[in-house]
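Report on the structure given below.
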Amino acid sequence: MHDTTAIKPLESAAPPPPQPPPQAGEGRVGAVAGKNANPRYAELYRHYPTIDYLRRAARRRLPHFAFEYCDGGSGKDDAGIKRNWAALDAVELVPRYGVMPSLPPCDIELFGRRYAAPIGIAPMGGPAIVWPGADKHLARAAQKARIPYTLGLAGGATIEQIAEIAPDVCWFQLYRAAKNDHAIGFDLVRRAAATDCNALILTLDVPVRTTRAREVVVGLGGQFHPDLAMMTQMARSPSWAMALWKYGIPRFETLRAYAGANASINEVIAFARREMGGAFTWEEVAKYRDRWKRTLIVKGILHPQDAEKAISLGVDGLFVSNHGGRQIEALPGPIDVLPAIVRQVGNRATVMYDSGIRSGTDVVRAYALGAAAVFAGKAFLWGLGALGEEGPSHVIDLLIEETQSALGQLGALRPEQARSVVIRHNGAIRF
């Protein structure tokens, strides 16, 4: 057992200055008062006290094909997803006591904006398959809570719709569409700029299509043709069916402008497969840097030298991510490479983390290892599956309260002080 008697105390810090009260419509969890201040949260908390409870409820409540879509990954037995979880679980944090009078605030500054917590909603493809109307529910919850929301290119709402719902927190994720000298990609950049979108994310970590077996066997491996099994699953999930009746079949709305205003879901899928593919090259990243004058982020960095190349092109931020274990199961858990990338980047760009986040403790683990913010995806899909429209807000509430509790347990007065705690990572303890 490691001797921690020589561990230095956390760096001293004056109590943070008082924060201005939230304006009308701002997040109820900016400095979470928790279960006692929000009766609805208290009621939901009794049944869903952690994100794992939401996952179990989503499995019961969703049509089987929808749950398999949101829960699965690539490779044998979801090995990449399990590696992400195991790597996070292996990070140990050593607390210091006698310094924490109350739960700390966890608001942060990110790219010149103030957010309620070091937590964001990661870009996701097709969340409306999991719960119809998902993109708008996610955006509303993020705007109310003041955390970043990233609309995925393969989302069920347009950039313009999301920017109207979540003007203060809207980010946009772009896949490579290189035909005709990036005509579609550059037009999407124009649309994002016209809506005052706060950040543009270029996804690097999907260079080829890979097999996600759980999706294939339930009929989601290509075009969407509901069979008798799917129809039966929908009938057995009346809440999901009602949401489908209310919001309609998801049609990847941002892409419909290019596939045709009346294009069906399968026509949009076919269009996307023809027009899009491959990973952005560094030369292409430079072109997008020239066109996009706001915050530019690249997603999918796992090697310090790739981080260095991104910085040399003027990128403002990067996501350390393996696409949530949904591309290839042989990749390392991003938490294991995060410290090396943070060391490489220094203060020249903002390093964020994505992949495998299931709790506020996971948020603090990534933050303690150097991430400036931590983004979750599956947790929000499970929340939608369990609670529908209420799900995203409950996930945010859980993550922020758990983050505060973890910081308080460690004796950290602010999120930044989590980086001063003793950490055991990859078998070695860091003093």
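Naming works like this for the structure tokens: A, B, ... for the chains as they're shown, residue 1 at the start of each chain, ligands 1 onward in shown order.
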All helix (DSSP H, G or I) positions in stretch 60-271 of chain A, as a PyMOL selection string: chain A and resi 60-61+64-71+76-89+127-130+134-145+159-165+179-194+213-217+228-235+238-247+253-259+265-271
Tell me, as a PDB file with N, CA and C atoms, in the first residue's frame, which residues lie within 12 Å of A:Ala134, counting only C-alpha atoms; anything in the same chain fewer than 4 positions away does not count.
ATOM      1  N   MET A 124     -23.487  13.755 -31.406  1.00  0.00           N
ATOM      2  CA  MET A 124     -23.980  12.391 -31.592  1.00  0.00           C
ATOM      3  C   MET A 124     -24.724  12.303 -32.918  1.00  0.00           C
ATOM      4  N   GLY A 125     -24.549  11.195 -33.599  1.00  0.00           N
ATOM      5  CA  GLY A 125     -25.264  10.956 -34.841  1.00  0.00           C
ATOM      6  C   GLY A 125     -26.597  10.277 -34.574  1.00  0.00           C
ATOM      7  N   GLY A 126     -27.653  10.836 -35.117  1.00  0.00           N
ATOM      8  CA  GLY A 126     -28.962  10.199 -35.041  1.00  0.00           C
ATOM      9  C   GLY A 126     -29.540  10.009 -33.666  1.00  0.00           C
ATOM     10  N   PRO A 127     -29.421  10.976 -32.741  1.00  0.00           N
ATOM     11  CA  PRO A 127     -30.040  10.770 -31.427  1.00  0.00           C
ATOM     12  C   PRO A 127     -31.551  10.640 -31.485  1.00  0.00           C
ATOM     13  N   ALA A 128     -32.160  11.159 -32.558  1.00  0.00           N
ATOM     14  CA  ALA A 128     -33.618  11.056 -32.678  1.00  0.00           C
ATOM     15  C   ALA A 128     -34.070   9.632 -32.968  1.00  0.00           C
ATOM     16  N   ILE A 129     -33.144   8.753 -33.345  1.00  0.00           N
ATOM     17  CA  ILE A 129     -33.487   7.333 -33.443  1.00  0.00           C
ATOM     18  C   ILE A 129     -33.759   6.784 -32.043  1.00  0.00           C
ATOM     19  N   VAL A 130     -32.991   7.281 -31.080  1.00  0.00           N
ATOM     20  CA  VAL A 130     -33.166   6.836 -29.701  1.00  0.00           C
ATOM     21  C   VAL A 130     -34.439   7.427 -29.108  1.00  0.00           C
ATOM     22  N   LEU A 138     -32.241  18.041 -26.130  1.00  0.00           N
ATOM     23  CA  LEU A 138     -30.878  18.219 -25.633  1.00  0.00           C
ATOM     24  C   LEU A 138     -30.489  19.693 -25.631  1.00  0.00           C
ATOM     25  N   ALA A 139     -30.827  20.391 -26.712  1.00  0.00           N
ATOM     26  CA  ALA A 139     -30.464  21.803 -26.817  1.00  0.00           C
ATOM     27  C   ALA A 139     -31.166  22.646 -25.755  1.00  0.00           C
ATOM     28  N   ARG A 140     -32.444  22.377 -25.518  1.00  0.00           N
ATOM     29  CA  ARG A 140     -33.180  23.140 -24.499  1.00  0.00           C
ATOM     30  C   ARG A 140     -32.586  22.924 -23.115  1.00  0.00           C
ATOM     31  N   ALA A 141     -32.266  21.677 -22.816  1.00  0.00           N
ATOM     32  CA  ALA A 141     -31.695  21.371 -21.497  1.00  0.00           C
ATOM     33  C   ALA A 141     -30.342  22.042 -21.326  1.00  0.00           C
ATOM     34  N   LEU A 151     -24.440  20.102 -31.716  1.00  0.00           N
ATOM     35  CA  LEU A 151     -25.310  19.472 -32.701  1.00  0.00           C
ATOM     36  C   LEU A 151     -24.457  18.678 -33.676  1.00  0.00           C
ATOM     37  N   GLY A 152     -24.761  17.389 -33.834  1.00  0.00           N
ATOM     38  CA  GLY A 152     -24.069  16.571 -34.813  1.00  0.00           C
ATOM     39  C   GLY A 152     -24.615  16.803 -36.205  1.00  0.00           C
ATOM     40  N   GLY A 155     -27.788  15.014 -37.242  1.00  0.00           N
ATOM     41  CA  GLY A 155     -28.815  15.239 -36.235  1.00  0.00           C
ATOM     42  C   GLY A 155     -30.192  15.386 -36.851  1.00  0.00           C
ATOM     43  N   GLY A 156     -31.191  15.428 -35.981  1.00  0.00           N
ATOM     44  CA  GLY A 156     -32.575  15.521 -36.426  1.00  0.00           C
ATOM     45  C   GLY A 156     -33.132  16.925 -36.396  1.00  0.00           C
ATOM     46  N   ALA A 157     -32.262  17.949 -36.344  1.00  0.00           N
ATOM     47  CA  ALA A 157     -32.673  19.344 -36.380  1.00  0.00           C
ATOM     48  C   ALA A 157     -31.628  20.126 -37.162  1.00  0.00           C
ATOM     49  N   ILE A 162     -31.458  24.801 -33.915  1.00  0.00           N
ATOM     50  CA  ILE A 162     -30.751  24.638 -32.642  1.00  0.00           C
ATOM     51  C   ILE A 162     -30.176  25.965 -32.162  1.00  0.00           C
ATOM     52  N   TRP A 240     -42.396   5.953 -26.640  1.00  0.00           N
ATOM     53  CA  TRP A 240     -41.554   6.220 -27.803  1.00  0.00           C
ATOM     54  C   TRP A 240     -42.422   6.425 -29.042  1.00  0.00           C
ATOM     55  N   ALA A 243     -43.924   9.828 -29.020  1.00  0.00           N
ATOM     56  CA  ALA A 243     -42.934  10.833 -29.400  1.00  0.00           C
ATOM     57  C   ALA A 243     -42.706  10.822 -30.911  1.00  0.00           C
ATOM     58  N   LEU A 244     -42.714   9.636 -31.511  1.00  0.00           N
ATOM     59  CA  LEU A 244     -42.568   9.536 -32.965  1.00  0.00           C
ATOM     60  C   LEU A 244     -43.750  10.204 -33.660  1.00  0.00           C
ATOM     61  N   LYS A 246     -45.494  12.625 -32.509  1.00  0.00           N
ATOM     62  CA  LYS A 246     -45.415  14.065 -32.272  1.00  0.00           C
ATOM     63  C   LYS A 246     -44.325  14.724 -33.113  1.00  0.00           C
ATOM     64  N   TYR A 247     -43.143  14.087 -33.194  1.00  0.00           N
ATOM     65  CA  TYR A 247     -42.001  14.742 -33.825  1.00  0.00           C
ATOM     66  C   TYR A 247     -41.660  14.194 -35.212  1.00  0.00           C
ATOM     67  N   GLY A 248     -42.224  13.061 -35.572  1.00  0.00           N
ATOM     68  CA  GLY A 248     -41.993  12.505 -36.890  1.00  0.00           C
ATOM     69  C   GLY A 248     -40.710  11.706 -37.000  1.00  0.00           C
ATOM     70  N   ILE A 249     -40.565  11.027 -38.136  1.00  0.00           N
ATOM     71  CA  ILE A 249     -39.374  10.218 -38.395  1.00  0.00           C
ATOM     72  C   ILE A 249     -38.180  11.141 -38.579  1.00  0.00           C
ATOM     73  N   PRO A 250     -37.059  10.890 -37.895  1.00  0.00           N
ATOM     74  CA  PRO A 250     -35.876  11.741 -38.076  1.00  0.00           C
ATOM     75  C   PRO A 250     -35.336  11.643 -39.496  1.00  0.00           C
ATOM     76  N   PHE A 252     -32.407  13.629 -40.588  1.00  0.00           N
ATOM     77  CA  PHE A 252     -31.103  14.278 -40.696  1.00  0.00           C
ATOM     78  C   PHE A 252     -31.266  15.653 -41.340  1.00  0.00           C
ATOM     79  N   PHE A 380     -26.495  10.851 -22.073  1.00  0.00           N
ATOM     80  CA  PHE A 380     -27.660  11.645 -22.455  1.00  0.00           C
ATOM     81  C   PHE A 380     -28.653  10.819 -23.273  1.00  0.00           C
ATOM     82  N   LEU A 381     -28.151   9.883 -24.051  1.00  0.00           N
ATOM     83  CA  LEU A 381     -29.064   9.003 -24.793  1.00  0.00           C
ATOM     84  C   LEU A 381     -29.815   8.090 -23.835  1.00  0.00           C
ATOM     85  N   TRP A 382     -29.127   7.569 -22.830  1.00  0.00           N
ATOM     86  CA  TRP A 382     -29.813   6.745 -21.828  1.00  0.00           C
ATOM     87  C   TRP A 382     -30.858   7.575 -21.085  1.00  0.00           C
ATOM     88  N   GLY A 383     -30.537   8.828 -20.789  1.00  0.00           N
ATOM     89  CA  GLY A 383     -31.504   9.693 -20.136  1.00  0.00           C
ATOM     90  C   GLY A 383     -32.735   9.906 -20.984  1.00  0.00           C
ATOM     91  N   LEU A 384     -32.546  10.120 -22.271  1.00  0.00           N
ATOM     92  CA  LEU A 384     -33.686  10.251 -23.181  1.00  0.00           C
ATOM     93  C   LEU A 384     -34.508   8.968 -23.201  1.00  0.00           C
ATOM     94  N   GLY A 385     -33.814   7.830 -23.273  1.00  0.00           N
ATOM     95  CA  GLY A 385     -34.528   6.563 -23.326  1.00  0.00           C
ATOM     96  C   GLY A 385     -35.331   6.293 -22.074  1.00  0.00           C
ATOM     97  N   LEU A 387     -36.386   8.717 -19.726  1.00  0.00           N
ATOM     98  CA  LEU A 387     -37.298   9.777 -19.280  1.00  0.00           C
ATOM     99  C   LEU A 387     -37.817  10.666 -20.403  1.00  0.00           C
ATOM    100  N   GLY A 388     -37.483  10.368 -21.644  1.00  0.00           N
ATOM    101  CA  GLY A 388     -37.961  11.197 -22.730  1.00  0.00           C
ATOM    102  C   GLY A 388     -37.444  12.618 -22.620  1.00  0.00           C
ATOM    103  N   GLU A 389     -38.321  13.591 -22.795  1.00  0.00           N
ATOM    104  CA  GLU A 389     -37.921  14.992 -22.809  1.00  0.00           C
ATOM    105  C   GLU A 389     -37.236  15.425 -21.520  1.00  0.00           C
ATOM    106  N   GLU A 390     -37.595  14.820 -20.398  1.00  0.00           N
ATOM    107  CA  GLU A 390     -36.991  15.190 -19.122  1.00  0.00           C
ATOM    108  C   GLU A 390     -35.597  14.611 -18.936  1.00  0.00           C
ATOM    109  N   GLY A 391     -35.233  13.643 -19.753  1.00  0.00           N
ATOM    110  CA  GLY A 391     -33.984  12.934 -19.539  1.00  0.00           C
ATOM    111  C   GLY A 391     -32.737  13.795 -19.562  1.00  0.00           C
ATOM    112  N   PRO A 392     -32.547  14.651 -20.587  1.00  0.00           N
ATOM    113  CA  PRO A 392     -31.307  15.437 -20.623  1.00  0.00           C
ATOM    114  C   PRO A 392     -31.105  16.325 -19.401  1.00  0.00           C
TER     115      PRO A 392
END
Residues of stretch 71-112 of chain A in strand (DSSP E), written as a VMD selection string: chain A and resid 92 to 94 108 to 110
Produce a file of the selected residues containing all heavy atoms, as an mmCIF file, in the first residue's frame.
data_model
loop_
_atom_site.group_PDB
_atom_site.id
_atom_site.type_symbol
_atom_site.label_atom_id
_atom_site.label_comp_id
_atom_site.auth_asym_id
_atom_site.auth_seq_id
_atom_site.Cartn_x
_atom_site.Cartn_y
_atom_site.Cartn_z
ATOM 1 N N GLU A 92 -7.415 6.732 -9.728
ATOM 2 C CA GLU A 92 -7.693 6.916 -8.301
ATOM 3 C C GLU A 92 -7.300 8.330 -7.881
ATOM 4 O O GLU A 92 -6.243 8.841 -8.278
ATOM 5 C CB GLU A 92 -6.911 5.897 -7.473
ATOM 6 C CG GLU A 92 -7.250 4.454 -7.808
ATOM 7 C CD GLU A 92 -6.350 3.473 -7.078
ATOM 8 O OE1 GLU A 92 -5.610 3.912 -6.161
ATOM 9 O OE2 GLU A 92 -6.371 2.283 -7.420
ATOM 10 N N LEU A 93 -8.132 8.953 -7.054
ATOM 11 C CA LEU A 93 -7.903 10.305 -6.553
ATOM 12 C C LEU A 93 -7.811 10.258 -5.038
ATOM 13 O O LEU A 93 -8.682 9.693 -4.379
ATOM 14 C CB LEU A 93 -9.050 11.227 -6.981
ATOM 15 C CG LEU A 93 -9.411 11.215 -8.481
ATOM 16 C CD1 LEU A 93 -10.672 12.031 -8.727
ATOM 17 C CD2 LEU A 93 -8.255 11.759 -9.307
ATOM 18 N N VAL A 94 -6.768 10.838 -4.470
ATOM 19 C CA VAL A 94 -6.550 10.807 -3.019
ATOM 20 C C VAL A 94 -7.065 12.103 -2.412
ATOM 21 O O VAL A 94 -6.553 13.180 -2.721
ATOM 22 C CB VAL A 94 -5.063 10.615 -2.687
ATOM 23 C CG1 VAL A 94 -4.856 10.580 -1.178
ATOM 24 C CG2 VAL A 94 -4.541 9.334 -3.334
ATOM 25 N N ILE A 108 -17.002 27.222 -15.089
ATOM 26 C CA ILE A 108 -15.698 27.376 -15.725
ATOM 27 C C ILE A 108 -15.812 28.366 -16.876
ATOM 28 O O ILE A 108 -16.905 28.668 -17.350
ATOM 29 C CB ILE A 108 -15.155 26.039 -16.286
ATOM 30 C CG1 ILE A 108 -16.090 25.501 -17.382
ATOM 31 C CG2 ILE A 108 -14.945 25.016 -15.195
ATOM 32 C CD1 ILE A 108 -15.460 24.460 -18.273
ATOM 33 N N GLU A 109 -14.657 28.840 -17.332
ATOM 34 C CA GLU A 109 -14.595 29.627 -18.558
ATOM 35 C C GLU A 109 -14.004 28.769 -19.660
ATOM 36 O O GLU A 109 -13.004 28.065 -19.464
ATOM 37 C CB GLU A 109 -13.747 30.881 -18.358
ATOM 38 C CG GLU A 109 -13.744 31.790 -19.581
ATOM 39 C CD GLU A 109 -13.049 33.112 -19.335
ATOM 40 O OE1 GLU A 109 -13.421 33.797 -18.359
ATOM 41 O OE2 GLU A 109 -12.141 33.450 -20.116
ATOM 42 N N LEU A 110 -14.626 28.817 -20.826
ATOM 43 C CA LEU A 110 -14.206 28.005 -21.965
ATOM 44 C C LEU A 110 -14.335 28.859 -23.217
ATOM 45 O O LEU A 110 -15.439 29.304 -23.551
ATOM 46 C CB LEU A 110 -15.086 26.753 -22.055
ATOM 47 C CG LEU A 110 -14.578 25.541 -22.822
ATOM 48 C CD1 LEU A 110 -13.274 25.020 -22.238
ATOM 49 C CD2 LEU A 110 -15.639 24.439 -22.822
#
For atom CA of A:Phe172 and atom CA of A:Ala307, the interatomic separation in Å (one decimal):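 Between these atoms lies a distance of 20.4 Å.
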One-decimal distance in Å that lies between atom CA of A:Pro63 and atom CA of A:Met231: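 Separation between atom CA of A:Met231 and atom CA of A:Pro63: 9.0 Å.
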Exercise: A:Ala177 partners within 8 Å, only C-alpha atoms, chain neighbours under 6 positions left out, as a ChimeraX atom specification: /A:183-185,275-277
A:Ala154, A:Ala340, A:Met234, A:Ala199 ranked by distance to A:Ala371, top pick (using only C-alpha atoms):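 Counting only C-alpha atoms, the residue closest to A:Ala371 is A:Ala340.
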Could the residues of stretch 34-127 of chain A that have an atom at most 8 Å from stretch 358-365 of chain A be listed as JSON lines, each with its closest atom pair and the distance in Å to one decimal, counting only C-alpha atoms and ordered by chain and ascending residue number?
{"residue": "A:Thr50", "atom": "CA", "partner": "A:Ser359", "partner_atom": "CA", "distance": 7.5}
{"residue": "A:Ile51", "atom": "CA", "partner": "A:Arg358", "partner_atom": "CA", "distance": 6.3}
{"residue": "A:Asp52", "atom": "CA", "partner": "A:Arg358", "partner_atom": "CA", "distance": 7.6}
{"residue": "A:Leu88", "atom": "CA", "partner": "A:Asp362", "partner_atom": "CA", "distance": 6.5}
{"residue": "A:Asp89", "atom": "CA", "partner": "A:Asp362", "partner_atom": "CA", "distance": 7.8}
{"residue": "A:Val91", "atom": "CA", "partner": "A:Arg365", "partner_atom": "CA", "distance": 6.6}
{"residue": "A:Glu92", "atom": "CA", "partner": "A:Arg365", "partner_atom": "CA", "distance": 7.9}
{"residue": "A:Leu93", "atom": "CA", "partner": "A:Arg365", "partner_atom": "CA", "distance": 7.5}
{"residue": "A:Pro118", "atom": "CA", "partner": "A:Val363", "partner_atom": "CA", "distance": 7.7}
{"residue": "A:Ile119", "atom": "CA", "partner": "A:Val363", "partner_atom": "CA", "distance": 7.4}
Mind running stretch 91-124 of chain A against stretch 316-331 of chain A at 12 Å and telling me each contacting residue's nearest atom pair with the distance in Å (one decimal), counting only C-alpha atoms, chain and number ascending, as a tab-separated table?
residue	atom	partner	partner_atom	distance
A:Leu110	CA	A:Gly317	CA	9.9
A:Phe111	CA	A:Asp316	CA	8.2
A:Gly112	CA	A:Asp316	CA	11.5
A:Gly120	CA	A:Phe319	CA	11.8
A:Ala122	CA	A:Gly324	CA	10.0
A:Pro123	CA	A:His323	CA	9.8
A:Met124	CA	A:His323	CA	9.7
d(atom CA of A:Pro148, atom CA of A:Ile121) in Å: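 Computing it gives 6.2 Å between the two atoms.
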Counting only C-alpha atoms, the option among A:Leu44, A:Val422, A:Leu174, A:Ala142 closest to A:Ser393: A:Ala142
